[in-house]
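Chemist: The structure under discussion is supplied below as structure tokens; questions concerning it will follow.
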Amino acid sequence: MPESKKGHGPFSRRIAVLISGRGSNLQSIIDAIRDGRLEATIAVVISNRADAVGLQRARDAGIEAVCLHPRDFGDRDAYDRAIVDLLRDRRVDLVCLAGFMRLVSAALLQAFPHGILNIHPSLLPAFPGLDAQRQALDHGVRVTGATVHLVTSELDNGPIILQAAVPVLDDDDVDTLSARILVEEHRIYPEAIRLVLDGGWSVDGRRVRRHTR
Ligand code: GRF
């Protein structure tokens, strides 16, 4: 959606959400749209796992929910090309990864330049990859949080749209810390999607700059 970045519009506000499991971030996006905090349409929800609870959340909200199982495709590129075909068919212009436990390949990245978002449960660049909350506890940081960023070919390393800080408490374990981070995830992901869809921003090196209009 290159036009929207410059705030030129008009552009569609059709998004897709890619999930692998619980789908609580998907739910936060559904709720934000329903409450009028986010003006967007979720055109399709895609999961790589048939047992993802988020698929049912989507169906309950009247949203098309599709499982594309990797074993039905030859390799990562073929899988991602199938995703691209589906997204193009549904006229999606922003892809939101929400607990989607797969690396995205060049096929998907090239189809949506600066058009794929991810949410990660740490203050990136600290603690990328799996078990970010466990990594934060093991490292002994006093503050961690959540990050929404643009997806690039490097894992959890794209330009940052929004972050929220969460204190680590003395008696925290992975579950209590994850739960408090999740509250912030649910707050900032819809807000970040709104910022991106509203346009008027560009990427300058690693920095996402918003232009005054
Ligand atoms: C979230 O913690 C998110 O930051 C991470 O995976 C988890 C997904 O949770 N990428 P949910 O499926 O949205 O409930």
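Chain identifiers are assigned as A, B, and so on, following the order in which chains appear in the structure tokens; residues are numbered from 1 within each chain, and ligands are numbered from 1 in order of appearance.
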How would you report the residues lying within 6 Å of ligand 1, as a list in words, if you count only C-alpha atoms and all ligand atoms?
Modeler: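 Checked against 6 Å with only C-alpha atoms and all ligand atoms; the hits are Gly21, Arg22, Gly23, Ser24, Asn25, Leu26, Ala98, Gly99, Ile119, His120 and Pro121 of chain A.
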Chemist: Which neighbours of Gly158 of chain A fall inside 12 Å, counting only C-alpha atoms, when residues of the same chain fewer than 5 positions from it are skipped, and could you give them as a ChimeraX atom specification?
Modeler: /A:109,113-120,124-125,128,147-153,203-208
Chemist: Can you list, as a PyMOL selection string, every protein, DNA or RNA residue that comes within 7 Å of Ala164 of chain A when you count only C-alpha atoms, leaving out same-chain residues fewer than 5 positions away?
Modeler: chain A and resi 145-147+184
Chemist: Store the residues of this selection in a file with all heavy atoms, as a PDB file, in the first residue's frame.
Modeler:
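The resulting again07.pdb:
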```
ATOM      1  N   GLY A 145       8.255  -5.490  27.731  1.00  0.00           N
ATOM      2  CA  GLY A 145       7.082  -4.879  27.120  1.00  0.00           C
ATOM      3  C   GLY A 145       6.643  -5.544  25.854  1.00  0.00           C
ATOM      4  O   GLY A 145       6.786  -6.756  25.692  1.00  0.00           O
ATOM      5  N   ALA A 146       6.114  -4.738  24.949  1.00  0.00           N
ATOM      6  CA  ALA A 146       5.570  -5.252  23.696  1.00  0.00           C
ATOM      7  C   ALA A 146       5.953  -4.295  22.578  1.00  0.00           C
ATOM      8  O   ALA A 146       6.086  -3.083  22.806  1.00  0.00           O
ATOM      9  CB  ALA A 146       4.044  -5.369  23.782  1.00  0.00           C
ATOM     10  N   THR A 147       6.129  -4.857  21.385  1.00  0.00           N
ATOM     11  CA  THR A 147       6.538  -4.067  20.220  1.00  0.00           C
ATOM     12  C   THR A 147       5.704  -4.453  19.007  1.00  0.00           C
ATOM     13  O   THR A 147       5.532  -5.646  18.733  1.00  0.00           O
ATOM     14  CB  THR A 147       8.024  -4.352  19.873  1.00  0.00           C
ATOM     15  OG1 THR A 147       8.844  -4.047  20.998  1.00  0.00           O
ATOM     16  CG2 THR A 147       8.468  -3.530  18.662  1.00  0.00           C
ATOM     17  N   GLU A 184      -0.969  -5.038  27.317  1.00  0.00           N
ATOM     18  CA  GLU A 184      -0.392  -3.965  26.498  1.00  0.00           C
ATOM     19  C   GLU A 184      -0.417  -4.319  25.017  1.00  0.00           C
ATOM     20  O   GLU A 184      -0.646  -3.465  24.164  1.00  0.00           O
ATOM     21  CB  GLU A 184       1.039  -3.650  26.956  1.00  0.00           C
ATOM     22  CG  GLU A 184       1.101  -3.040  28.331  1.00  0.00           C
ATOM     23  CD  GLU A 184       0.260  -1.764  28.416  1.00  0.00           C
ATOM     24  OE1 GLU A 184       0.496  -0.845  27.617  1.00  0.00           O
ATOM     25  OE2 GLU A 184      -0.644  -1.715  29.266  1.00  0.00           O
TER      26      GLU A 184
END
```
Chemist: Could you list, as a list of chain:residue names, every residue within 8 Å of segment 32-40 of chain A, counting only C-alpha atoms and ignoring same-chain residues fewer than 4 positions away?
Modeler: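 Contacts, in chain order: A:Arg13, A:Arg14, A:Ile15, A:Ser28, A:Pro190, A:Glu191, A:Ile193, A:Arg194.
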Chemist: So which residues touch Asp77 of chain A within 12 Å, counting only C-alpha atoms, skipping near sequence neighbours fewer than 5 positions away, as a list in words?
Modeler: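 Those residues are Pro70, Ala82, Ile83, Val84, Leu103, Val104, Ser105, Ala106, Ala107, Leu108, Leu109 and Gln110 of chain A.
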Chemist: Taking N, CA, C and O atoms for each residue, export the selection above as a compact mmCIF listing (two decimals), in the first residue's frame.
Modeler:
```txt
# COMPACT_ATOMS: atom_id res chain seq x y z
N PRO A 70 0.81 -26.18 5.96
CA PRO A 70 2.08 -26.24 5.22
C PRO A 70 2.33 -27.57 4.54
O PRO A 70 2.94 -27.62 3.48
N ALA A 82 0.83 -19.19 -1.92
CA ALA A 82 -0.60 -19.49 -1.75
C ALA A 82 -1.25 -18.43 -0.85
O ALA A 82 -2.38 -17.99 -1.10
N ILE A 83 -0.51 -18.03 0.18
CA ILE A 83 -1.03 -16.97 1.06
C ILE A 83 -1.19 -15.67 0.27
O ILE A 83 -2.23 -15.00 0.35
N VAL A 84 -0.17 -15.34 -0.53
CA VAL A 84 -0.23 -14.11 -1.33
C VAL A 84 -1.44 -14.15 -2.27
O VAL A 84 -2.19 -13.17 -2.38
N LEU A 103 8.27 -18.25 9.85
CA LEU A 103 9.03 -17.18 9.19
C LEU A 103 8.37 -16.90 7.86
O LEU A 103 7.91 -17.82 7.18
N VAL A 104 8.30 -15.63 7.48
CA VAL A 104 7.70 -15.32 6.18
C VAL A 104 8.82 -15.23 5.15
O VAL A 104 9.91 -14.74 5.43
N SER A 105 8.53 -15.70 3.95
CA SER A 105 9.56 -15.76 2.91
C SER A 105 9.51 -14.51 2.04
O SER A 105 8.62 -13.65 2.16
N ALA A 106 10.47 -14.46 1.11
CA ALA A 106 10.56 -13.31 0.21
C ALA A 106 9.28 -13.12 -0.59
O ALA A 106 8.90 -11.99 -0.89
N ALA A 107 8.61 -14.21 -0.93
CA ALA A 107 7.39 -14.12 -1.74
C ALA A 107 6.36 -13.22 -1.07
O ALA A 107 5.74 -12.35 -1.70
N LEU A 108 6.20 -13.40 0.24
CA LEU A 108 5.21 -12.61 0.99
C LEU A 108 5.73 -11.19 1.22
O LEU A 108 4.99 -10.20 1.05
N LEU A 109 7.00 -11.08 1.56
CA LEU A 109 7.57 -9.75 1.82
C LEU A 109 7.52 -8.86 0.58
O LEU A 109 7.20 -7.68 0.66
N GLN A 110 7.83 -9.46 -0.57
CA GLN A 110 7.85 -8.66 -1.80
C GLN A 110 6.44 -8.27 -2.24
O GLN A 110 6.24 -7.23 -2.87
```
Chemist: Find, counting only C-alpha atoms, the residue in A:Arg59, A:His139, A:Arg210, A:His69 that gets nearest to Val196 of chain A.
Modeler: A:Arg210
Chemist: Just want the 9 Å neighbourhood of Cys67 of chain A, counted on only C-alpha atoms, with same-chain residues fewer than 3 positions away dropped. Output as a CSV table (one decimal) with N, CA, C and O atoms, in the first residue's frame.
Modeler:
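Once written, around-v9.csv looks like this:
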```csv
chain,number,residue,atom,x,y,z
A,45,VAL,N,-8.9,-14.2,7.9
A,45,VAL,CA,-8.0,-14.7,8.9
A,45,VAL,C,-7.4,-16.0,8.4
A,45,VAL,O,-8.1,-16.9,7.9
A,46,ILE,N,-6.1,-16.1,8.4
A,46,ILE,CA,-5.4,-17.3,7.9
A,46,ILE,C,-4.6,-18.0,9.1
A,46,ILE,O,-3.9,-17.3,9.8
A,47,SER,N,-4.7,-19.3,9.2
A,47,SER,CA,-3.9,-20.0,10.2
A,47,SER,C,-3.1,-21.1,9.5
A,47,SER,O,-3.6,-21.7,8.5
A,48,ASN,N,-2.0,-21.4,10.0
A,48,ASN,CA,-1.2,-22.6,9.5
A,48,ASN,C,-1.6,-23.8,10.3
A,48,ASN,O,-1.1,-24.9,10.0
A,49,ARG,N,-2.4,-23.7,11.3
A,49,ARG,CA,-2.8,-24.8,12.1
A,49,ARG,C,-4.4,-24.9,12.2
A,49,ARG,O,-5.0,-23.9,12.5
A,50,ALA,N,-4.9,-26.1,11.9
A,50,ALA,CA,-6.3,-26.2,11.9
A,50,ALA,C,-6.9,-26.1,13.3
A,50,ALA,O,-8.1,-25.7,13.5
A,51,ASP,N,-6.1,-26.4,14.4
A,51,ASP,CA,-6.6,-26.3,15.7
A,51,ASP,C,-6.5,-25.0,16.4
A,51,ASP,O,-6.7,-24.8,17.6
A,52,ALA,N,-6.1,-23.9,15.6
A,52,ALA,CA,-6.0,-22.6,16.2
A,52,ALA,C,-7.3,-22.1,16.7
A,52,ALA,O,-8.3,-22.0,15.9
A,55,LEU,N,-9.2,-19.3,14.9
A,55,LEU,CA,-10.1,-19.5,13.7
A,55,LEU,C,-11.5,-19.4,14.1
A,55,LEU,O,-12.4,-18.8,13.4
```
Chemist: Can you pull out the residues contacting Thr212 of chain A? Cut-off 10 Å, using only C-alpha atoms, and skip same-chain residues under 2 positions away; I want them as a ChimeraX atom specification.
Modeler: /A:200-201,209-210
Chemist: So that I have them on file, write out the residues from the current selection with N, CA, C and O atoms, as a PDB file, in the first residue's frame.
Modeler:
```pdb
ATOM      1  N   GLY A 200       0.610   8.807   5.987  1.00  0.00           N
ATOM      2  CA  GLY A 200       1.356   9.963   6.455  1.00  0.00           C
ATOM      3  C   GLY A 200       2.624   9.580   7.186  1.00  0.00           C
ATOM      4  O   GLY A 200       3.058  10.295   8.099  1.00  0.00           O
ATOM      5  N   TRP A 201       3.223   8.456   6.808  1.00  0.00           N
ATOM      6  CA  TRP A 201       4.473   8.053   7.444  1.00  0.00           C
ATOM      7  C   TRP A 201       5.405   7.479   6.384  1.00  0.00           C
ATOM      8  O   TRP A 201       4.982   7.136   5.286  1.00  0.00           O
ATOM      9  N   ARG A 209       8.953   7.487  10.443  1.00  0.00           N
ATOM     10  CA  ARG A 209       8.717   8.917  10.693  1.00  0.00           C
ATOM     11  C   ARG A 209       7.304   9.276  10.278  1.00  0.00           C
ATOM     12  O   ARG A 209       6.871   8.940   9.184  1.00  0.00           O
ATOM     13  N   ARG A 210       6.632   9.983  11.156  1.00  0.00           N
ATOM     14  CA  ARG A 210       5.285  10.471  10.828  1.00  0.00           C
ATOM     15  C   ARG A 210       5.406  11.914  10.402  1.00  0.00           C
ATOM     16  O   ARG A 210       6.119  12.696  11.008  1.00  0.00           O
TER      17      ARG A 210
END
```
